[in-house]
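K.L.:
What follows is data10.tsv, made up of TSV, C-alpha atoms and all ligand atoms:
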```tsv
chain	number	residue	atom	x	y	z
A	146	MET	CA	214.48	253.41	-178.19
A	147	LYS	CA	211.02	254.92	-177.99
A	148	ASN	CA	209.13	254.61	-174.74
A	149	ASN	CA	206.35	256.35	-172.85
A	150	ILE	CA	208.14	256.90	-169.53
A	151	LYS	CA	206.89	259.98	-167.70
A	152	GLN	CA	208.38	259.60	-164.23
A	153	PHE	CA	210.99	257.84	-162.11
A	154	CYS	CA	210.14	256.95	-158.50
A	155	PHE	CA	212.70	256.20	-155.80
A	156	PRO	CA	210.81	254.53	-152.94
A	157	THR	CA	212.67	254.28	-149.64
A	158	SER	CA	211.03	251.10	-148.38
A	159	ALA	CA	210.00	247.79	-149.95
A	160	LYS	CA	206.47	248.39	-148.69
A	161	GLU	CA	206.30	251.72	-150.54
A	162	ALA	CA	207.73	250.14	-153.72
A	163	ALA	CA	205.20	247.30	-153.58
A	164	SER	CA	202.30	249.70	-152.98
A	165	LEU	CA	203.38	251.70	-156.04
A	166	ILE	CA	203.50	248.72	-158.38
A	167	ASN	CA	200.17	247.40	-157.10
A	168	ARG	CA	198.56	250.79	-157.66
A	169	LEU	CA	200.10	251.49	-161.08
A	170	LYS	CA	199.94	247.89	-162.37
A	171	SER	CA	201.01	247.70	-166.05
A	172	LYS	CA	201.93	251.40	-166.03
A	173	ALA	CA	204.97	250.64	-163.82
A	174	VAL	CA	208.20	248.70	-164.20
A	175	VAL	CA	210.62	247.79	-161.41
A	176	VAL	CA	214.36	248.22	-161.82
A	177	ALA	CA	217.11	247.19	-159.39
A	178	GLY	CA	220.59	246.88	-160.97
A	179	GLY	CA	219.09	247.35	-164.42
A	180	THR	CA	221.06	244.60	-166.18
A	181	ARG	CA	217.93	242.74	-167.28
A	182	LEU	CA	215.60	245.68	-167.73
A	183	SER	CA	213.81	244.94	-170.94
A	184	ARG	CA	215.05	246.77	-174.00
A	185	ALA	CA	211.48	246.62	-175.28
A	186	LEU	CA	209.44	248.25	-172.55
A	187	LEU	CA	205.71	247.81	-172.96
A	188	PRO	CA	204.09	250.97	-174.33
A	189	THR	CA	201.86	250.99	-171.22
A	190	VAL	CA	204.85	251.70	-168.94
A	191	GLU	CA	204.89	255.32	-167.73
A	192	THR	CA	206.66	254.93	-164.37
A	193	VAL	CA	210.00	253.39	-163.49
A	194	VAL	CA	210.12	252.25	-159.87
A	195	ASP	CA	213.84	252.29	-159.08
A	196	LEU	CA	214.73	250.18	-156.03
A	197	ALA	CA	218.26	251.63	-155.69
A	198	ASP	CA	217.47	253.52	-152.45
A	199	LEU	CA	215.95	250.58	-150.57
A	200	PRO	CA	217.95	249.69	-147.44
A	201	LEU	CA	218.32	246.07	-148.52
A	202	LYS	CA	222.07	245.59	-148.85
A	203	HIS	CA	222.63	243.55	-145.73
A	204	ILE	CA	224.38	240.19	-145.39
A	205	ALA	CA	223.94	239.03	-141.80
A	206	ALA	CA	223.27	235.93	-139.75
A	207	ASP	CA	221.29	235.26	-136.59
A	208	LYS	CA	220.32	232.07	-134.77
A	209	LYS	CA	217.74	231.09	-137.38
A	210	TRP	CA	218.86	232.49	-140.69
A	211	LEU	CA	221.52	233.82	-142.98
A	212	ARG	CA	219.86	236.93	-144.44
A	213	ILE	CA	220.85	238.40	-147.81
A	214	GLY	CA	219.21	241.69	-148.81
A	215	ALA	CA	217.66	241.79	-152.29
A	216	LEU	CA	219.70	244.85	-153.27
A	217	CYS	CA	223.08	243.19	-152.63
A	218	SER	CA	225.08	243.08	-155.82
A	219	VAL	CA	226.71	239.88	-156.98
A	220	ALA	CA	230.12	241.51	-156.38
A	221	GLU	CA	229.11	242.11	-152.75
A	222	LEU	CA	228.29	238.42	-152.34
A	223	GLU	CA	231.71	237.54	-153.65
A	224	LYS	CA	233.46	239.86	-151.18
A	225	SER	CA	231.50	238.80	-148.08
A	226	SER	CA	233.63	237.05	-145.45
A	227	LEU	CA	230.47	235.68	-143.78
A	228	LEU	CA	229.40	234.00	-147.03
A	229	GLY	CA	232.97	232.80	-147.58
A	230	LYS	CA	232.61	230.67	-144.45
A	231	TRP	CA	229.02	229.57	-145.05
A	232	ALA	CA	228.37	226.10	-146.51
A	233	CYS	CA	231.93	225.78	-147.84
A	234	GLY	CA	231.58	229.20	-149.51
A	235	VAL	CA	229.19	227.80	-152.13
A	236	ILE	CA	227.27	231.10	-152.57
A	237	VAL	CA	230.55	232.96	-153.16
A	238	LYS	CA	231.62	230.30	-155.65
A	239	ALA	CA	228.30	230.58	-157.53
A	240	ALA	CA	228.76	234.38	-157.63
A	241	SER	CA	232.29	233.93	-158.98
A	242	HIS	CA	230.84	232.05	-161.95
A	243	TRP	CA	229.23	235.26	-163.28
A	244	SER	CA	230.01	235.88	-166.91
A	245	ASN	CA	231.31	239.43	-166.72
A	246	ALA	CA	232.41	242.12	-164.28
A	247	LEU	CA	229.80	244.71	-165.26
A	248	ALA	CA	226.83	242.38	-164.71
A	249	ARG	CA	228.48	241.21	-161.48
A	250	SER	CA	228.86	244.70	-160.03
A	251	MET	CA	225.41	245.95	-161.08
A	252	GLY	CA	223.23	242.84	-161.01
A	253	THR	CA	221.41	242.24	-157.72
A	254	VAL	CA	220.27	239.17	-155.83
A	255	GLY	CA	216.62	240.29	-156.12
A	256	GLY	CA	216.85	240.73	-159.91
A	257	ASN	CA	218.54	237.35	-160.30
A	258	VAL	CA	215.86	235.43	-158.45
A	259	ALA	CA	212.88	237.51	-159.58
A	260	ARG	CA	213.66	236.85	-163.24
A	261	ALA	CA	215.13	233.40	-162.88
A	262	HIS	CA	216.45	232.74	-166.36
A	263	PRO	CA	217.31	228.99	-166.60
A	264	HIS	CA	221.02	229.86	-166.67
A	265	ASN	CA	220.99	232.20	-163.65
A	266	ASN	CA	223.56	231.26	-161.05
A	267	LEU	CA	221.79	232.00	-157.78
A	268	PRO	CA	218.49	230.04	-157.96
A	269	PRO	CA	220.25	226.61	-157.98
A	270	VAL	CA	222.38	227.44	-154.95
A	271	PHE	CA	219.45	228.88	-152.98
A	272	LEU	CA	217.34	225.86	-153.90
A	273	ALA	CA	220.07	223.50	-152.69
A	274	LEU	CA	220.35	225.36	-149.38
A	275	ASP	CA	216.58	225.20	-148.66
A	276	ALA	CA	216.34	228.99	-148.86
A	277	VAL	CA	213.17	231.06	-148.79
A	278	ALA	CA	212.45	234.50	-150.23
A	279	VAL	CA	210.74	237.16	-148.15
A	280	CYS	CA	208.43	239.27	-150.32
A	281	THR	CA	205.91	242.04	-149.77
A	282	ASP	CA	202.87	243.23	-151.69
A	283	GLY	CA	202.81	246.43	-149.61
A	284	ARG	CA	200.25	245.10	-147.11
A	285	ARG	CA	201.91	242.00	-145.74
A	286	GLU	CA	205.09	240.01	-145.96
A	287	ILE	CA	205.06	236.46	-147.27
A	288	ILE	CA	207.74	233.80	-147.11
A	289	ILE	CA	208.12	231.67	-150.22
A	290	PRO	CA	210.31	228.54	-150.43
A	291	PHE	CA	212.56	228.61	-153.49
A	292	ALA	CA	210.96	225.61	-155.18
A	293	GLN	CA	207.68	227.52	-155.18
A	294	LEU	CA	209.26	230.85	-156.12
A	295	LEU	CA	210.62	229.37	-159.36
A	296	GLU	CA	207.16	228.25	-160.54
A	297	PRO	CA	206.17	230.37	-163.59
A	298	GLY	CA	202.87	231.54	-162.04
A	299	LEU	CA	204.50	233.03	-158.96
A	300	MET	CA	207.54	234.30	-160.85
A	301	ARG	CA	205.28	236.49	-162.99
A	302	GLU	CA	204.08	238.19	-159.81
A	303	LEU	CA	207.59	239.17	-158.70
A	304	GLY	CA	208.13	242.77	-159.70
A	305	THR	CA	204.47	243.13	-160.68
A	306	ARG	CA	202.76	242.30	-157.38
A	307	TYR	CA	205.57	241.44	-154.97
A	308	ILE	CA	208.90	243.04	-154.17
A	309	VAL	CA	211.59	240.61	-153.01
A	310	ILE	CA	213.01	241.91	-149.72
A	311	GLU	CA	215.59	239.30	-148.79
A	312	VAL	CA	216.69	235.72	-149.25
A	313	ARG	CA	216.89	233.67	-146.04
A	314	VAL	CA	219.01	230.57	-145.77
A	315	PRO	CA	218.47	228.29	-142.73
A	316	ALA	CA	221.24	228.61	-140.11
A	317	GLU	CA	221.90	224.86	-140.02
A	318	THR	CA	223.22	224.97	-143.60
A	319	ARG	CA	226.34	226.81	-142.37
A	320	THR	CA	228.13	223.48	-141.79
A	321	TRP	CA	226.80	221.56	-144.78
A	322	SER	CA	229.36	220.19	-147.22
A	323	CYS	CA	228.68	221.89	-150.53
A	324	ALA	CA	230.16	222.33	-153.98
A	325	CYS	CA	229.07	223.81	-157.30
A	326	ALA	CA	230.30	223.68	-160.89
A	327	ARG	CA	229.18	224.82	-164.32
A	328	LEU	CA	230.02	223.43	-167.70
A	329	VAL	CA	230.36	226.37	-170.07
A	330	LEU	CA	231.91	226.99	-173.45
A	331	THR	CA	233.97	229.96	-172.20
A	332	LYS	CA	234.30	231.73	-168.85
A	333	THR	CA	232.33	234.65	-170.26
A	334	SER	CA	229.33	232.51	-171.26
A	335	TRP	CA	226.22	233.17	-169.22
A	336	GLU	CA	224.52	230.18	-170.84
A	337	ALA	CA	225.81	226.85	-169.56
A	338	TYR	CA	225.34	223.25	-170.64
A	339	THR	CA	224.77	222.44	-167.01
A	340	ASN	CA	224.95	224.18	-163.67
A	341	CYS	CA	225.28	221.85	-160.69
A	342	VAL	CA	225.05	222.49	-156.92
A	343	VAL	CA	225.22	219.81	-154.24
A	344	ALA	CA	224.70	220.25	-150.49
A	345	VAL	CA	225.25	217.36	-148.11
A	346	GLU	CA	224.73	217.02	-144.39
A	347	GLN	CA	227.07	214.34	-143.09
A	348	GLU	CA	226.71	212.28	-139.92
A	349	ASP	CA	229.41	209.81	-138.85
A	350	GLY	CA	230.80	209.72	-142.37
A	351	ALA	CA	227.44	208.95	-143.98
A	352	VAL	CA	224.97	211.11	-145.90
A	353	ARG	CA	222.15	212.25	-143.61
A	354	ARG	CA	220.53	214.66	-146.03
A	355	ALA	CA	221.37	215.76	-149.59
A	356	SER	CA	220.34	218.32	-152.19
A	357	VAL	CA	221.31	217.74	-155.79
A	358	VAL	CA	220.29	220.66	-158.00
A	359	ILE	CA	220.74	221.17	-161.73
A	360	GLY	CA	220.22	224.47	-163.54
A	361	SER	CA	220.43	225.31	-167.27
A	362	VAL	CA	219.06	221.98	-168.55
A	363	LEU	CA	215.34	222.56	-167.90
A	364	PRO	CA	213.40	225.84	-167.98
A	365	ARG	CA	214.11	226.25	-164.27
A	366	ALA	CA	216.50	224.84	-161.69
A	367	VAL	CA	215.36	221.49	-160.26
A	368	ARG	CA	216.22	219.25	-157.34
A	369	LEU	CA	216.86	215.70	-158.45
A	370	GLY	CA	214.98	213.60	-155.89
A	371	LYS	CA	216.17	210.24	-157.22
A	372	ALA	CA	219.83	211.25	-157.12
A	373	GLU	CA	219.28	212.54	-153.57
A	374	ALA	CA	217.59	209.26	-152.54
A	375	ALA	CA	220.55	207.32	-153.97
A	376	LEU	CA	222.79	209.09	-151.44
A	377	ILE	CA	220.88	208.90	-148.18
A	378	GLY	CA	222.48	206.65	-145.57
A	379	ARG	CA	225.50	205.80	-147.74
A	380	SER	CA	229.07	206.46	-146.72
A	381	CYS	CA	230.45	209.68	-148.13
A	382	GLY	CA	232.72	208.32	-150.85
A	383	GLU	CA	233.19	207.54	-154.49
A	384	ALA	CA	230.64	204.69	-154.63
A	385	ALA	CA	227.85	206.97	-153.38
A	386	ALA	CA	228.90	209.71	-155.82
A	387	CYS	CA	228.84	207.24	-158.74
A	388	ALA	CA	225.37	206.00	-157.75
A	389	ALA	CA	224.14	209.61	-157.67
A	390	GLU	CA	225.72	210.26	-161.09
A	391	THR	CA	223.77	207.38	-162.68
A	392	ALA	CA	220.53	208.36	-160.93
A	393	ALA	CA	220.92	212.06	-161.86
A	394	ALA	CA	221.56	211.37	-165.56
A	395	ALA	CA	218.58	208.98	-165.73
A	396	GLU	CA	216.29	211.37	-163.88
A	397	LEU	CA	217.23	214.27	-166.15
A	398	GLN	CA	216.73	212.12	-169.22
A	399	SER	CA	213.22	211.36	-168.07
A	400	LEU	CA	212.54	215.03	-167.20
A	401	THR	CA	213.71	216.07	-170.67
A	402	THR	CA	211.60	213.22	-172.15
A	403	GLY	CA	214.70	211.77	-173.79
A	404	ALA	CA	215.07	214.77	-176.14
A	405	PRO	CA	218.22	214.09	-178.26
A	406	ALA	CA	219.22	217.79	-178.00
A	407	LYS	CA	219.45	217.39	-174.23
A	408	ALA	CA	221.31	214.05	-174.19
A	409	TYR	CA	224.75	215.67	-173.78
A	410	ALA	CA	223.51	217.97	-171.01
A	411	CYS	CA	221.99	215.00	-169.14
A	412	ARG	CA	225.18	212.98	-169.36
A	413	THR	CA	227.46	215.84	-168.35
A	414	SER	CA	225.10	216.82	-165.52
A	415	GLY	CA	225.63	213.33	-164.10
A	416	VAL	CA	229.40	213.80	-164.31
A	417	MET	CA	229.11	217.22	-162.60
A	418	VAL	CA	227.02	215.69	-159.82
A	419	ARG	CA	229.68	213.04	-159.17
A	420	ARG	CA	232.55	215.53	-159.21
A	421	CYS	CA	230.75	218.03	-156.97
A	422	LEU	CA	229.84	215.27	-154.49
A	423	ILE	CA	233.43	214.04	-154.26
A	424	GLU	CA	234.55	217.64	-153.68
A	425	ALA	CA	231.86	218.15	-151.03
A	426	PHE	CA	232.64	214.84	-149.26
A	427	ASN	CA	236.31	215.81	-149.02
A	428	ARG	CA	235.57	219.12	-147.33
B	501	LIG	C1	225.81	240.82	-170.33
B	501	LIG	C2	225.08	240.11	-169.24
B	501	LIG	C3	225.68	239.02	-168.61
B	501	LIG	C4	225.00	238.34	-167.59
B	501	LIG	N1	225.61	237.26	-167.01
B	501	LIG	C5	224.96	236.57	-166.03
B	501	LIG	C6	225.57	235.43	-165.43
B	501	LIG	O1	226.66	235.02	-165.73
B	501	LIG	N2	224.86	234.77	-164.48
B	501	LIG	C7	223.62	235.18	-164.09
B	501	LIG	O2	223.03	234.55	-163.21
B	501	LIG	N3	223.03	236.25	-164.65
B	501	LIG	C8	223.67	236.96	-165.61
B	501	LIG	N4	223.07	238.05	-166.19
B	501	LIG	C9	221.70	238.40	-165.83
B	501	LIG	C10	221.54	239.54	-164.83
B	501	LIG	O3	222.67	240.35	-164.78
B	501	LIG	C11	221.33	238.98	-163.44
B	501	LIG	O4	220.21	238.13	-163.45
B	501	LIG	C12	221.11	240.07	-162.41
B	501	LIG	O5	221.26	239.50	-161.13
B	501	LIG	C13	219.78	240.77	-162.55
B	501	LIG	O6	219.67	241.71	-161.50
B	501	LIG	P1	219.32	243.25	-161.74
B	501	LIG	O7	219.32	243.89	-160.41
B	501	LIG	O8	220.20	243.84	-162.77
B	501	LIG	O9	217.86	243.11	-162.33
B	501	LIG	P2	217.01	244.25	-163.10
B	501	LIG	O10	217.40	244.26	-164.56
B	501	LIG	O11	217.06	245.54	-162.38
B	501	LIG	O12	215.58	243.63	-162.93
B	501	LIG	C14	215.14	242.53	-163.67
B	501	LIG	C15	213.66	242.36	-163.35
B	501	LIG	O13	213.57	241.72	-162.06
B	501	LIG	C16	212.58	242.32	-161.27
B	501	LIG	N5	213.18	242.71	-159.99
B	501	LIG	C17	214.43	243.19	-159.75
B	501	LIG	N6	214.61	243.31	-158.41
B	501	LIG	C18	213.47	242.92	-157.82
B	501	LIG	C19	213.03	242.82	-156.47
B	501	LIG	N7	213.81	243.12	-155.42
B	501	LIG	N8	211.76	242.40	-156.25
B	501	LIG	C20	210.94	242.06	-157.27
B	501	LIG	N9	211.30	242.13	-158.54
B	501	LIG	C21	212.55	242.56	-158.84
B	501	LIG	C22	211.99	243.45	-162.02
B	501	LIG	O14	210.71	243.08	-162.48
B	501	LIG	C23	212.90	243.70	-163.19
B	501	LIG	O15	212.19	244.05	-164.31
B	501	LIG	C24	223.72	238.77	-167.20
B	501	LIG	C25	223.13	239.89	-167.82
B	501	LIG	C26	223.80	240.54	-168.82
B	501	LIG	C27	223.13	241.73	-169.47
```
As a first step, turn the structure in this file into structure tokens.
P.N.:
Amino acid sequence: MKNNIKQFCFPTSAKEAASLINRLKSKAVVVAGGTRLSRALLPTVETVVDLADLPLKHIAADKKWLRIGALCSVAELEKSSLLGKWACGVIVKAASHWSNALARSMGTVGGNVARAHPHNNLPPVFLALDAVAVCTDGRREIIIPFAQLLEPGLMRELGTRYIVIEVRVPAETRTWSCACARLVLTKTSWEAYTNCVVAVEQEDGAVRRASVVIGSVLPRAVRLGKAEAALIGRSCGEAAACAAETAAAAELQSLTTGAPAKAYACRTSGVMVRRCLIEAFNR
């Protein structure tokens, strides 16, 4: 492969990395685990900014947040005992859905959310858990809620203007009842028909708050507001899960404008929502 790379830089802080990319603009490309680094680098690229040395491999919790460093690999998420106990282990479960061991051990959290391919496993789970991403442009840090981060305009700025430092998940999600599931052709498929995550806060056996998120069906992961509304205040049981299934399938059908090619994905997404909710309610 022909390219015009002249130098590799190994910044030691996110601030330094962000300053480099803002100074070099289209002459620089950022690489973390390298699993998605484009095989067709733009001819303008002369500098590779390798994030490997950034001290961003932490997984820790304090009173306000669960903090996951952008350089954590997917395999590290899977092995974390803290994450295993957080929100029914839903982040670990999403990591275990990775298609292959190589991508799992090299791919990072930052790379997964910065280039949020519709089939990526982490954006739906972070969206369901009300997470935010902490980013820097080298001058200041900004905190971006996941729903905003996944918008195409902002996404283009990740790795070109901003470096993702960490993902923060609110501390109160630790006790939420969660579940996730993917419908895939084979275990090694990265592309799924549907990728579902639910997160429920229960109070006295009823749903106080709910996130219902679907990935893979639309260009980016989405929260299904109507399915969530169908759950609020209802007792945590099969009837509520069935109501959410119907609402989710209808909402997705409308979001996909009834496209026949998406009909199966909409229907099976509804089924996944029901199954995940029943699993979450029973936890
Ligand atoms: C064979 C194969 C199978 C895969 N299977 C799956 C799967 O099952 N599920 C899944 O979700 N994904 C899968 N992926 C996709 C990929 O492995 C993951 O998305 C991974 O997490 C990307 O992380 P990375 O560190 O390798 O990113 P890189 O390739 O290093 O970076 C990708 C881009 O993201 C940007 N970037 C990286 N880190 C940061 C940061 N901290 N701040 C700002 N920008 C940044 C850069 O602009 C970079 O160009 C697969 C990939 C391959 C090649």
K.L.:
Report, in Å with one decimal, the straight-line distance from CA of Phe291 (chain A) to CA of Tyr307 (chain A).
P.N.:
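Separation of CA of Phe291 (chain A) and CA of Tyr307 (chain A): 14.7 Å.
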K.L.:
Ligand LIG 501 (chain B): which residues are within 6 Å, counting all atoms listed in the file? Reply as a PyMOL selection string.
P.N.:
chain A and resi 175-182+215+243-245+248+251-257+259-260+265-266+303-304+307-310+335
K.L.:
At a cut-off of 12 Å, using only C-alpha atoms, what residues contact region 203-206 of chain A? Leave out same-chain residues fewer than 5 positions from it and give the result as a count of residues only.
P.N.:
32
K.L.:
Which residue, A:Tyr338, A:Phe426, A:Phe271, A:Phe155, has the smallest gap to Cys323 (chain A) when you use only C-alpha atoms?
P.N.:
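Checking each candidate against Cys323 (chain A), we get A:Phe426 as the closest.
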K.L.:
Hey, can you pull every residue with an atom no more than 7 Å from (208.0, 236.2, -149.6), using all atoms listed in the file, and send it as a ChimeraX atom specification?
P.N.:
/A:278-281,286-289,309
K.L.:
Using C-alpha atoms, can you export the residues from the last selection as a tab-separated table (two decimals), keeping the file's coordinate frame?
P.N.:
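So again_39.tsv came out as:
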```
chain	number	residue	atom	x	y	z
A	278	ALA	CA	212.45	234.50	-150.23
A	279	VAL	CA	210.74	237.16	-148.15
A	280	CYS	CA	208.43	239.27	-150.32
A	281	THR	CA	205.91	242.04	-149.77
A	286	GLU	CA	205.09	240.01	-145.96
A	287	ILE	CA	205.06	236.46	-147.27
A	288	ILE	CA	207.74	233.80	-147.11
A	289	ILE	CA	208.12	231.67	-150.22
A	309	VAL	CA	211.59	240.61	-153.01
```
K.L.:
Enclose region 317-320 of chain A, meaning all of its atoms listed in the file, in a box aligned along x, y and z, pad it by 8 Å on each side, and list the centre and edge lengths in Å to one decimal, as lines of an AutoDock Vina configuration file.
P.N.:
```
center_x = 225.0
center_y = 225.1
center_z = -141.8
size_x = 22.2
size_y = 19.3
size_z = 19.6
```
K.L.:
Determine the nearest neighbour of Ala185 (chain A) from the options A:Asn167, A:Asn148, A:Thr157, A:Ser380, counting all atoms listed in the file.
P.N.:
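Using all atoms listed in the file, Ala185 (chain A) sits closest to A:Asn148.
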